[in-house]
Amino acid sequence: TNWGYTNGESHWNQHFPYCAGPLQSPIAFKTAKLIFDASLRPIVLENYDLTDLAEYNFGSFSSKFAFDILPSTMTISGLPQRYTAAQLHIHWGSKTSPLGSEHTVDSKRYAAELHIVHYNSEKYPNVSMAFDKSDGLAVLGVFIEHLTLSYRLGPSVQAMTTFFHISLKSPRNVTNSHNIPAFDIRTLMPQRLDEYFRYDGSLTTPPCYQSVQWTVFKNPITVSQAQVTYLPFSIAVPLINNFRKPLPIENRVVLSSFK
Ligand code: GRE
Ligand code: ZN
């Protein structure tokens, strides 16, 4: 079933009932309403460096720029259970409106947002089994900001360039997989892994399963302005504004690891 953004979002629940549920993502973070939780530990990234993305494809995620297969050695700790990386993708805006993050902070929308999807590998054998389970997924969200002053650009710029290079080299095809050079995914993460928002939510695309423990880092990474405006064209089929607007928080508590 086809689904889309902009005016389409409000109709997702016609075919995907979970999209109208009480634990949907993204949400709008309000700094004044966060509950500080001193028990939230820094996220620890294991084997994010020199990641051999030996295979990837653009899989079923036709609405996103996604790497569907990440190495099974790539895990995170700092959560109650161990989670293994499965997929990463980015949500973005358009050339004329290059603000396409899904979560917002005090109404600020960032240029783009990276999601690294992990599954609960202590309980489930693979991501498919975990995808719709309430304790199935843990997603790391990273805000992407663009800078115009090139001398202030960080290591994330090179990583983005690698992404574009990879995606342009291969047709956007479900069955395609390729070997790509070792790649340090830490360069796509902010310096501070101890400051984040935490809440229970969902996939931000249909079928909107409410299976995600969200960790959204407070600090953005920065890439160049040119890279942000290039994102919609980095894939074979130009795609713009693939971000969902914030949903009601309902009865949820949004925790922060920082004061
Ligand atoms: C998405 O489709 O954007 C998505 C997933 C799984 C977890 C989080 C998320 O497919 O945003
Ligand atoms: Zn996403």
# chains A, B, ... in the order shown; residues from 1 in each chain; ligands from 1
>>> closest_atom_pairs(of="chain A", to="ligand 1", cutoff="6 Å", atoms="only C-alpha atoms and all ligand atoms", output="tab-separated table")
residue	atom	partner	partner_atom_place_in_ligand_line	distance
A:Val117	CA	ligand 1	7 (C)	5.5
A:Leu203	CA	ligand 1	8 (C)	4.0
A:Thr204	CA	ligand 1	11 (O)	4.3
A:Thr205	CA	ligand 1	2 (O)	4.4
>>> write_last_selection(atoms="all heavy atoms", output="compact mmCIF listing (two decimals), in the first residue's frame")
# COMPACT_ATOMS: atom_id res chain seq x y z
N VAL A 117 18.64 2.23 13.78
CA VAL A 117 17.66 1.30 14.34
C VAL A 117 18.38 0.07 14.87
O VAL A 117 19.13 -0.59 14.13
CB VAL A 117 16.63 0.89 13.26
CG1 VAL A 117 15.58 -0.05 13.84
CG2 VAL A 117 15.97 2.13 12.64
N LEU A 203 7.82 3.51 15.28
CA LEU A 203 8.40 3.78 13.97
C LEU A 203 7.74 5.07 13.49
O LEU A 203 6.57 5.29 13.79
CB LEU A 203 8.06 2.68 12.95
CG LEU A 203 8.09 1.21 13.32
CD1 LEU A 203 7.79 0.38 12.07
CD2 LEU A 203 9.42 0.80 13.91
N THR A 204 8.45 5.89 12.74
CA THR A 204 7.83 7.13 12.25
C THR A 204 7.27 6.98 10.84
O THR A 204 6.91 7.96 10.20
CB THR A 204 8.84 8.30 12.28
OG1 THR A 204 9.89 8.02 11.35
CG2 THR A 204 9.42 8.49 13.67
N THR A 205 7.24 5.72 10.36
CA THR A 205 6.62 5.44 9.07
C THR A 205 5.67 4.25 9.25
O THR A 205 5.84 3.47 10.20
CB THR A 205 7.68 5.05 8.01
OG1 THR A 205 8.46 3.95 8.50
CG2 THR A 205 8.60 6.21 7.69
>>> residues_near_ligand(ligand="ligand 2", cutoff="8 Å", atoms="only C-alpha atoms and all ligand atoms", output="number ranges by chain")
A: 89-91, 113-116, 203-205
>>> atom_distance(atom1="CA of Phe131 in chain A", atom2="CA of Lys33 in chain A")
29.3 Å
>>> residues_around(residues="range 156-160 of chain A", least_positions_apart="4", cutoff="7 Å", atoms="only C-alpha atoms", output="ChimeraX atom specification")
/A:164,187-188,221-224
>>> write_last_selection(atoms="N, CA and C atoms", output="JSON list (two decimals), in the first residue's frame")
[["chain", "number", "residue", "atom", "x", "y", "z"],
["A", 164, "PHE", "N", 26.91, 9.79, 0.00],
["A", 164, "PHE", "CA", 26.48, 10.21, -1.33],
["A", 164, "PHE", "C", 27.20, 9.42, -2.41],
["A", 187, "THR", "N", 31.57, 8.99, 13.39],
["A", 187, "THR", "CA", 31.67, 10.36, 12.89],
["A", 187, "THR", "C", 30.28, 10.95, 12.60],
["A", 188, "LEU", "N", 29.27, 10.12, 12.64],
["A", 188, "LEU", "CA", 27.90, 10.63, 12.48],
["A", 188, "LEU", "C", 27.21, 10.82, 13.83],
["A", 221, "ILE", "N", 24.87, 16.98, 15.07],
["A", 221, "ILE", "CA", 26.10, 16.98, 14.30],
["A", 221, "ILE", "C", 25.95, 18.04, 13.22],
["A", 222, "THR", "N", 27.06, 18.48, 12.68],
["A", 222, "THR", "CA", 26.98, 19.52, 11.66],
["A", 222, "THR", "C", 27.58, 19.06, 10.34],
["A", 223, "VAL", "N", 26.89, 19.36, 9.29],
["A", 223, "VAL", "CA", 27.40, 19.08, 7.94],
["A", 223, "VAL", "C", 27.31, 20.38, 7.16],
["A", 224, "SER", "N", 27.72, 20.36, 5.91],
["A", 224, "SER", "CA", 27.71, 21.61, 5.14],
["A", 224, "SER", "C", 26.31, 21.89, 4.60]]
>>> closest_residue(among="A:Lys259, A:Leu79, A:Gln210, A:Ala112", to="Leu99 in chain A", atoms="only C-alpha atoms")
A:Ala112
>>> closest_residue(among="A:Thr229, A:Ser94, A:Gln191, A:Ser107", to="Thr31 in chain A", atoms="only C-alpha atoms")
A:Ser107
>>> residues_around(residues="range 37-41 of chain A", least_positions_apart="4", cutoff="7 Å", atoms="only C-alpha atoms", output="PDB file with N, CA and C atoms, in the first residue's frame")
ATOM      1  N   GLY A  78      24.249   0.586  27.751  1.00  0.00           N
ATOM      2  CA  GLY A  78      23.829   1.788  28.465  1.00  0.00           C
ATOM      3  C   GLY A  78      22.321   1.778  28.604  1.00  0.00           C
ATOM      4  N   ASP A 194      26.155  11.384  26.476  1.00  0.00           N
ATOM      5  CA  ASP A 194      25.544  11.330  27.815  1.00  0.00           C
ATOM      6  C   ASP A 194      24.353  12.281  27.941  1.00  0.00           C
ATOM      7  N   LEU A 255      11.790  11.764  29.436  1.00  0.00           N
ATOM      8  CA  LEU A 255      12.908  11.869  30.372  1.00  0.00           C
ATOM      9  C   LEU A 255      14.095  12.550  29.703  1.00  0.00           C
ATOM     10  N   SER A 256      14.939  13.163  30.520  1.00  0.00           N
ATOM     11  CA  SER A 256      16.218  13.657  30.003  1.00  0.00           C
ATOM     12  C   SER A 256      17.332  13.159  30.908  1.00  0.00           C
ATOM     13  N   SER A 257      18.477  12.927  30.302  1.00  0.00           N
ATOM     14  CA  SER A 257      19.644  12.465  31.059  1.00  0.00           C
ATOM     15  C   SER A 257      20.445  13.667  31.561  1.00  0.00           C
TER      16      SER A 257
END
>>> residues_around(residues="Asn126 in chain A", least_positions_apart="6", cutoff="9 Å", atoms="only C-alpha atoms", output="compact mmCIF listing (two decimals) with C-alpha atoms, in the first residue's frame")
# COMPACT_ATOMS: atom_id res chain seq x y z
CA THR A 84 22.23 -4.77 17.89
CA ALA A 86 20.11 -3.32 11.93
CA TYR A 119 16.84 -4.51 17.92
CA ASN A 120 16.75 -6.25 21.29
>>> residues_around(residues="Asn219 in chain A", least_positions_apart="6", cutoff="10 Å", atoms="only C-alpha atoms", output="list in words")
Val142, Phe143, Ile144, Glu145, Met189, Pro190, Gln191, Arg192, Leu193, Glu195 and Tyr196 of chain A
>>> atom_distance(atom1="CA of Arg186 in chain A", atom2="CA of Val139 in chain A")
15.1 Å
>>> residues_around(residues="Glu250 in chain A", least_positions_apart="2", cutoff="8 Å", atoms="only C-alpha atoms", output="tab-separated table (two decimals) with N, CA, C and O atoms, in the first residue's frame")
chain	number	residue	atom	x	y	z
A	22	PRO	N	-1.56	5.68	20.77
A	22	PRO	CA	-1.19	6.65	21.82
A	22	PRO	C	0.32	6.83	22.05
A	22	PRO	O	0.71	7.68	22.83
A	23	LEU	N	1.14	6.01	21.38
A	23	LEU	CA	2.59	6.08	21.61
A	23	LEU	C	3.33	6.36	20.31
A	23	LEU	O	4.27	5.67	19.96
A	248	PRO	N	0.89	13.85	19.35
A	248	PRO	CA	0.65	14.18	20.77
A	248	PRO	C	1.44	13.29	21.72
A	248	PRO	O	1.60	12.10	21.47
A	252	ARG	N	2.43	10.22	28.06
A	252	ARG	CA	3.82	9.80	28.21
A	252	ARG	C	4.65	10.78	29.02
A	252	ARG	O	4.38	11.98	29.07
>>> atom_distance(atom1="CA of Val228 in chain A", atom2="CA of Thr104 in chain A")
17.3 Å
>>> closest_residue(among="A:Gln24, A:Pro155, A:Tyr18, A:Ile185", to="Thr75 in chain A", atoms="only C-alpha atoms")
A:Ile185
>>> closest_residue(among="A:Ser202, A:Gly4, A:Asn251, A:Ile240", to="Cys19 in chain A", atoms="only C-alpha atoms")
A:Ser202
>>> decode(residues="range 23-41 of chain A", atoms="N, CA, C and O atoms", output="PDB file, in the first residue's frame")
ATOM      1  N   LEU A  23       1.136   6.015  21.380  1.00  0.00           N
ATOM      2  CA  LEU A  23       2.592   6.085  21.615  1.00  0.00           C
ATOM      3  C   LEU A  23       3.329   6.357  20.307  1.00  0.00           C
ATOM      4  O   LEU A  23       4.274   5.667  19.960  1.00  0.00           O
ATOM      5  N   GLN A  24       2.870   7.372  19.586  1.00  0.00           N
ATOM      6  CA  GLN A  24       3.452   7.609  18.262  1.00  0.00           C
ATOM      7  C   GLN A  24       4.647   8.551  18.300  1.00  0.00           C
ATOM      8  O   GLN A  24       4.822   9.368  19.208  1.00  0.00           O
ATOM      9  N   SER A  25       5.468   8.431  17.277  1.00  0.00           N
ATOM     10  CA  SER A  25       6.659   9.278  17.111  1.00  0.00           C
ATOM     11  C   SER A  25       6.610   9.921  15.718  1.00  0.00           C
ATOM     12  O   SER A  25       6.013   9.342  14.816  1.00  0.00           O
ATOM     13  N   PRO A  26       7.265  11.076  15.564  1.00  0.00           N
ATOM     14  CA  PRO A  26       8.055  11.800  16.571  1.00  0.00           C
ATOM     15  C   PRO A  26       7.162  12.597  17.523  1.00  0.00           C
ATOM     16  O   PRO A  26       5.933  12.576  17.372  1.00  0.00           O
ATOM     17  N   ILE A  27       7.796  13.285  18.466  1.00  0.00           N
ATOM     18  CA  ILE A  27       7.100  14.220  19.341  1.00  0.00           C
ATOM     19  C   ILE A  27       7.894  15.523  19.394  1.00  0.00           C
ATOM     20  O   ILE A  27       9.039  15.575  18.937  1.00  0.00           O
ATOM     21  N   ALA A  28       7.247  16.544  19.921  1.00  0.00           N
ATOM     22  CA  ALA A  28       7.904  17.847  20.100  1.00  0.00           C
ATOM     23  C   ALA A  28       8.445  17.915  21.524  1.00  0.00           C
ATOM     24  O   ALA A  28       7.668  17.944  22.476  1.00  0.00           O
ATOM     25  N   PHE A  29       9.763  17.936  21.674  1.00  0.00           N
ATOM     26  CA  PHE A  29      10.352  18.041  23.015  1.00  0.00           C
ATOM     27  C   PHE A  29      10.188  19.475  23.534  1.00  0.00           C
ATOM     28  O   PHE A  29      10.436  20.429  22.792  1.00  0.00           O
ATOM     29  N   LYS A  30       9.755  19.573  24.780  1.00  0.00           N
ATOM     30  CA  LYS A  30       9.669  20.883  25.442  1.00  0.00           C
ATOM     31  C   LYS A  30      10.622  20.858  26.632  1.00  0.00           C
ATOM     32  O   LYS A  30      10.405  20.094  27.586  1.00  0.00           O
ATOM     33  N   THR A  31      11.663  21.640  26.562  1.00  0.00           N
ATOM     34  CA  THR A  31      12.698  21.616  27.600  1.00  0.00           C
ATOM     35  C   THR A  31      12.106  21.770  28.998  1.00  0.00           C
ATOM     36  O   THR A  31      12.499  21.075  29.936  1.00  0.00           O
ATOM     37  N   ALA A  32      11.121  22.641  29.137  1.00  0.00           N
ATOM     38  CA  ALA A  32      10.548  22.924  30.462  1.00  0.00           C
ATOM     39  C   ALA A  32       9.778  21.734  31.031  1.00  0.00           C
ATOM     40  O   ALA A  32       9.537  21.672  32.232  1.00  0.00           O
ATOM     41  N   LYS A  33       9.384  20.800  30.182  1.00  0.00           N
ATOM     42  CA  LYS A  33       8.566  19.681  30.659  1.00  0.00           C
ATOM     43  C   LYS A  33       9.335  18.374  30.817  1.00  0.00           C
ATOM     44  O   LYS A  33       8.754  17.342  31.138  1.00  0.00           O
ATOM     45  N   LEU A  34      10.640  18.423  30.586  1.00  0.00           N
ATOM     46  CA  LEU A  34      11.424  17.192  30.697  1.00  0.00           C
ATOM     47  C   LEU A  34      11.555  16.780  32.159  1.00  0.00           C
ATOM     48  O   LEU A  34      11.642  17.631  33.050  1.00  0.00           O
ATOM     49  N   ILE A  35      11.578  15.486  32.394  1.00  0.00           N
ATOM     50  CA  ILE A  35      11.840  14.973  33.736  1.00  0.00           C
ATOM     51  C   ILE A  35      13.275  14.436  33.759  1.00  0.00           C
ATOM     52  O   ILE A  35      13.591  13.479  33.052  1.00  0.00           O
ATOM     53  N   PHE A  36      14.105  15.071  34.554  1.00  0.00           N
ATOM     54  CA  PHE A  36      15.501  14.619  34.659  1.00  0.00           C
ATOM     55  C   PHE A  36      15.552  13.266  35.367  1.00  0.00           C
ATOM     56  O   PHE A  36      14.933  13.081  36.406  1.00  0.00           O
ATOM     57  N   ASP A  37      16.286  12.326  34.788  1.00  0.00           N
ATOM     58  CA  ASP A  37      16.428  10.991  35.380  1.00  0.00           C
ATOM     59  C   ASP A  37      17.914  10.674  35.514  1.00  0.00           C
ATOM     60  O   ASP A  37      18.589  10.382  34.521  1.00  0.00           O
ATOM     61  N   ALA A  38      18.398  10.739  36.755  1.00  0.00           N
ATOM     62  CA  ALA A  38      19.829  10.549  37.017  1.00  0.00           C
ATOM     63  C   ALA A  38      20.292   9.130  36.718  1.00  0.00           C
ATOM     64  O   ALA A  38      21.491   8.868  36.653  1.00  0.00           O
ATOM     65  N   SER A  39      19.341   8.208  36.542  1.00  0.00           N
ATOM     66  CA  SER A  39      19.752   6.822  36.293  1.00  0.00           C
ATOM     67  C   SER A  39      20.061   6.563  34.812  1.00  0.00           C
ATOM     68  O   SER A  39      20.524   5.481  34.457  1.00  0.00           O
ATOM     69  N   LEU A  40      19.813   7.532  33.949  1.00  0.00           N
ATOM     70  CA  LEU A  40      20.083   7.324  32.517  1.00  0.00           C
ATOM     71  C   LEU A  40      21.588   7.412  32.256  1.00  0.00           C
ATOM     72  O   LEU A  40      22.195   8.465  32.452  1.00  0.00           O
ATOM     73  N   ARG A  41      22.171   6.313  31.859  1.00  0.00           N
ATOM     74  CA  ARG A  41      23.616   6.220  31.650  1.00  0.00           C
ATOM     75  C   ARG A  41      24.001   6.708  30.252  1.00  0.00           C
ATOM     76  O   ARG A  41      23.182   6.677  29.334  1.00  0.00           O
TER      77      ARG A  41
END
